[in-house]
Amino acid sequence: MKSKSKRPQTGFSKRGAADVSEAAGWLAEQNIEEIECMVPDLAGVARGKIMPVRKFLTTAAMNLPLSIFYQTITGDFPDLEGIVGTVQSDTDIFLRPDFRTLAAVPWATDPTAQIIHDAFHPDGRPVEESPRQVLRRVISLYHEKGWKPVIAPELEFYLVEKNIDPDYALKPPVGRSGRPETGRQGYSISAVNEFDGLFEDMYEYSEAQGLEIDTLIHESGVAQMEINLRHGDPLELADQVFMFKRTIKETALEHDIYATFMAKPMAMEPGSAMHIHQSIVDGSGRNLFSDPKTAEPTDLFFSFIAGQQTYMPAAVSLLAPYVNSYRRLSKGSGAPVNTHWGFDNRTAGLRVPPSDADNRRLENRLPSSDANPYLAIAAVLACGYLGMVEGLKPSAPVDTDVSNDPSAELPYSLIQSVIKLERSEALNAILGPAFVTAYARVKHHEYETFMRTISPWEREFLLLNV
């Protein structure tokens, strides 16, 4: 049992080791006693085991049942017959550590480390249902072409008062002034300073894990914040988002409040997004979206945009994975509801930010902050890849407000989105049919579970009126 009297450990060196030998040296140097062996599931939840360091270093692989990739957000399992079956779903897969992800758990009261694992079948095949493998699969297609994707995520979240009873609406927390925030304080420094102690701990914990935070701002919602991570390799950044979500949730709990990545946690406040900036470079690091002679956008850039316009409607369930996500993706909500693109136009789903030729990129504004980072990044890169290899042409850029334009609408419910994904031959091929089948089965089950709940709206307007 861990002692709760000690302050959480800080001051660790940054994460990553080349191999088990280097990892062993680092663990010994830091006096690490135990290690959290994690694998991200379909929801981006950390599943795995906690074990003594001694056992970790002498164990070739950790085993868990395949069913961890079929578990719903409620902890249930869908009907597995016709896909893997109940017997096969309970058979072991083997999880091997990616030593590049080794890091401290700085909020732990005793010296503890964490490491992300990849999943394999007993015969050595990667587990297709694993979100980390889905992203690796998409990245490998780029590498086969001599391309290297570069991404930068922007992650929004709310700080809220502790909510013990889910029947009650969420409230903004009390800051250092002793008062909760009232009215929206977008980009306010003083509103961020209300939670200085929390963010100081967040930065300290992030640095201890090697998480590269670029900026922190107050977003437009009440006690809504945004963290921008520095650009880099897609898998590396997905790992950082996965780890940052754990970090800010743990930090908030230490300060007796919650941090939530729900897409739409409060009805009258803006939703939370995970905008993804994307560019493609060649082996020398040259941006393939810009012509080296003229500095003008290239055909590949426009095809990348067209791919996202064409295939994004079938990929939306990976960017907006829960029924709540579609409360954010609604007209008049401030979130994009289309596949239009434009230069510095935030009402379009696809925005080209102001930049020079070296930094030319596309921002996809559709993903919500509740999305699994591995799957959201894989989805947008898959759509862009299909556009480039198929030589697609985008529509004309828009320079007007298209936030309510019905001509380029996206699916407006989870079930619509999942059906589109299931029917997309191109996305099935690029993401893996086993993954798409597993993901769709889980999402159908989650939707059916949601439909068993009767909402206050139904009791208010239907009980005595129909």
# chains A, B, ... in the order shown; residues from 1 in each chain; ligands from 1
>>> residues_around(residues="segment 39-47 of chain A", least_positions_apart="5", cutoff="9 Å", atoms="only C-alpha atoms", output="list of chain:residue names")
A:Ile68, A:Phe69, A:Tyr70, A:Gln71, A:Thr72, A:Ile73, A:Leu95, A:Ile115, A:Ile116, A:His117, A:Asp118, A:Ala119, A:Glu129, A:Ser130, A:Pro131, A:Arg132, A:Phe242, A:Arg246, A:Pro321, A:Asp370, A:Ala371, A:Asn372, A:Pro373, A:Tyr374, A:Leu375, A:Tyr439, A:Val442
>>> select_by_dssp(residues="segment 29-131 of chain A", states="strand (DSSP E or B)", output="ChimeraX atom specification")
/A:34-40,46-52,62-65,92-97,103-104,112-120,126
>>> residues_around(residues="Leu288 of chain A", least_positions_apart="5", cutoff="10 Å", atoms="only C-alpha atoms", output="list in words")
Trp147, Lys148, Pro149, Ser279, Ile280, Val281, Asp282, Pro297, Thr298, Asp299, Leu300, Phe301, Ala357, Asp358, Arg360 and Arg361 of chain A
>>> select_by_dssp(residues="segment 41-86 of chain A", states="helix (DSSP H, G or I)", output="list in words")
Val53, Arg54, Lys55, Phe56, Leu57, Thr58, Leu66, Ser67, Ile68, Phe69, Tyr70, Gly85 and Thr86 of chain A
>>> write_last_selection(atoms="C-alpha atoms", output="PDB file, in the first residue's frame")
ATOM      1  CA  VAL A  53      10.572  -3.461 -11.430  1.00  0.00           C
ATOM      2  CA  ARG A  54      12.418  -6.727 -10.793  1.00  0.00           C
ATOM      3  CA  LYS A  55       9.638  -8.752 -12.401  1.00  0.00           C
ATOM      4  CA  PHE A  56       9.278  -6.288 -15.294  1.00  0.00           C
ATOM      5  CA  LEU A  57      12.965  -6.576 -16.201  1.00  0.00           C
ATOM      6  CA  THR A  58      12.892 -10.370 -16.191  1.00  0.00           C
ATOM      7  CA  LEU A  66      -7.669  -9.794 -26.497  1.00  0.00           C
ATOM      8  CA  SER A  67     -10.987  -8.546 -25.095  1.00  0.00           C
ATOM      9  CA  ILE A  68      -9.347  -5.362 -23.750  1.00  0.00           C
ATOM     10  CA  PHE A  69      -9.754  -4.029 -27.300  1.00  0.00           C
ATOM     11  CA  TYR A  70     -13.468  -4.867 -27.304  1.00  0.00           C
ATOM     12  CA  GLY A  85     -16.048 -15.174 -30.544  1.00  0.00           C
ATOM     13  CA  THR A  86     -16.109 -15.278 -26.766  1.00  0.00           C
TER      14      THR A  86
END
>>> residues_around(residues="Tyr412 of chain A", least_positions_apart="5", cutoff="8 Å", atoms="only C-alpha atoms", output="PDB file with C-alpha atoms, in the first residue's frame")
ATOM      1  CA  TYR A 326     -22.234  15.230 -31.534  1.00  0.00           C
ATOM      2  CA  LEU A 329     -20.677  19.096 -33.708  1.00  0.00           C
ATOM      3  CA  SER A 330     -23.945  20.991 -34.042  1.00  0.00           C
ATOM      4  CA  SER A 417     -20.974   7.935 -38.459  1.00  0.00           C
TER       5      SER A 417
END
>>> residues_around(residues="Val418 of chain A", least_positions_apart="4", cutoff="12 Å", atoms="only C-alpha atoms", output="PyMOL selection string")
chain A and resi 313-323+411-414+422-424+427-428+436-447
>>> atom_distance(atom1="atom CA of Ser325 of chain A", atom2="atom CA of Gly75 of chain A")
18.9 Å
>>> residues_around(residues="segment 237-241 of chain A", least_positions_apart="2", cutoff="6 Å", atoms="only C-alpha atoms", output="VMD selection string")
chain A and resid 211 234 to 235 243 to 244 373 to 374
>>> residues_around(residues="Gln278 of chain A", least_positions_apart="5", cutoff="9 Å", atoms="only C-alpha atoms", output="list in words")
Pro149, Val150, Ile151, Ala152, Pro153, His231, Arg360, Arg361, Leu362, Glu363, Asn364, Val380 and Leu381 of chain A
>>> write_last_selection(atoms="N, CA and C atoms", output="compact mmCIF listing (two decimals), in the first residue's frame")
# COMPACT_ATOMS: atom_id res chain seq x y z
N PRO A 149 4.88 12.10 -42.13
CA PRO A 149 3.91 13.07 -41.60
C PRO A 149 4.41 13.72 -40.31
N VAL A 150 4.06 14.98 -40.16
CA VAL A 150 4.38 15.76 -38.96
C VAL A 150 3.06 16.34 -38.46
N ILE A 151 2.80 16.19 -37.18
CA ILE A 151 1.53 16.70 -36.65
C ILE A 151 1.79 17.51 -35.36
N ALA A 152 0.80 18.35 -35.03
CA ALA A 152 0.82 19.10 -33.78
C ALA A 152 -0.61 19.18 -33.27
N PRO A 153 -0.91 18.60 -32.12
CA PRO A 153 -2.27 18.65 -31.58
C PRO A 153 -2.47 19.83 -30.64
N HIS A 231 5.15 20.34 -32.44
CA HIS A 231 4.98 19.44 -33.58
C HIS A 231 6.05 18.35 -33.57
N ARG A 360 4.01 25.39 -44.01
CA ARG A 360 2.66 25.24 -44.56
C ARG A 360 2.05 23.93 -44.05
N ARG A 361 0.79 24.02 -43.60
CA ARG A 361 0.16 22.87 -42.97
C ARG A 361 -1.36 23.00 -43.09
N LEU A 362 -2.04 21.92 -42.76
CA LEU A 362 -3.50 21.90 -42.72
C LEU A 362 -3.94 21.59 -41.30
N GLU A 363 -4.87 22.39 -40.80
CA GLU A 363 -5.45 22.14 -39.48
C GLU A 363 -6.82 21.50 -39.65
N ASN A 364 -6.99 20.31 -39.11
CA ASN A 364 -8.30 19.67 -39.09
C ASN A 364 -8.97 20.02 -37.77
N VAL A 380 -7.17 11.21 -39.68
CA VAL A 380 -6.93 12.37 -40.54
C VAL A 380 -5.79 12.09 -41.51
N LEU A 381 -4.75 11.39 -41.04
CA LEU A 381 -3.64 11.06 -41.94
C LEU A 381 -4.07 10.06 -43.01
>>> closest_residue(among="A:Glu236, A:Lys331, A:Thr251, A:Gly82", to="Asp196 of chain A", atoms="only C-alpha atoms")
A:Thr251
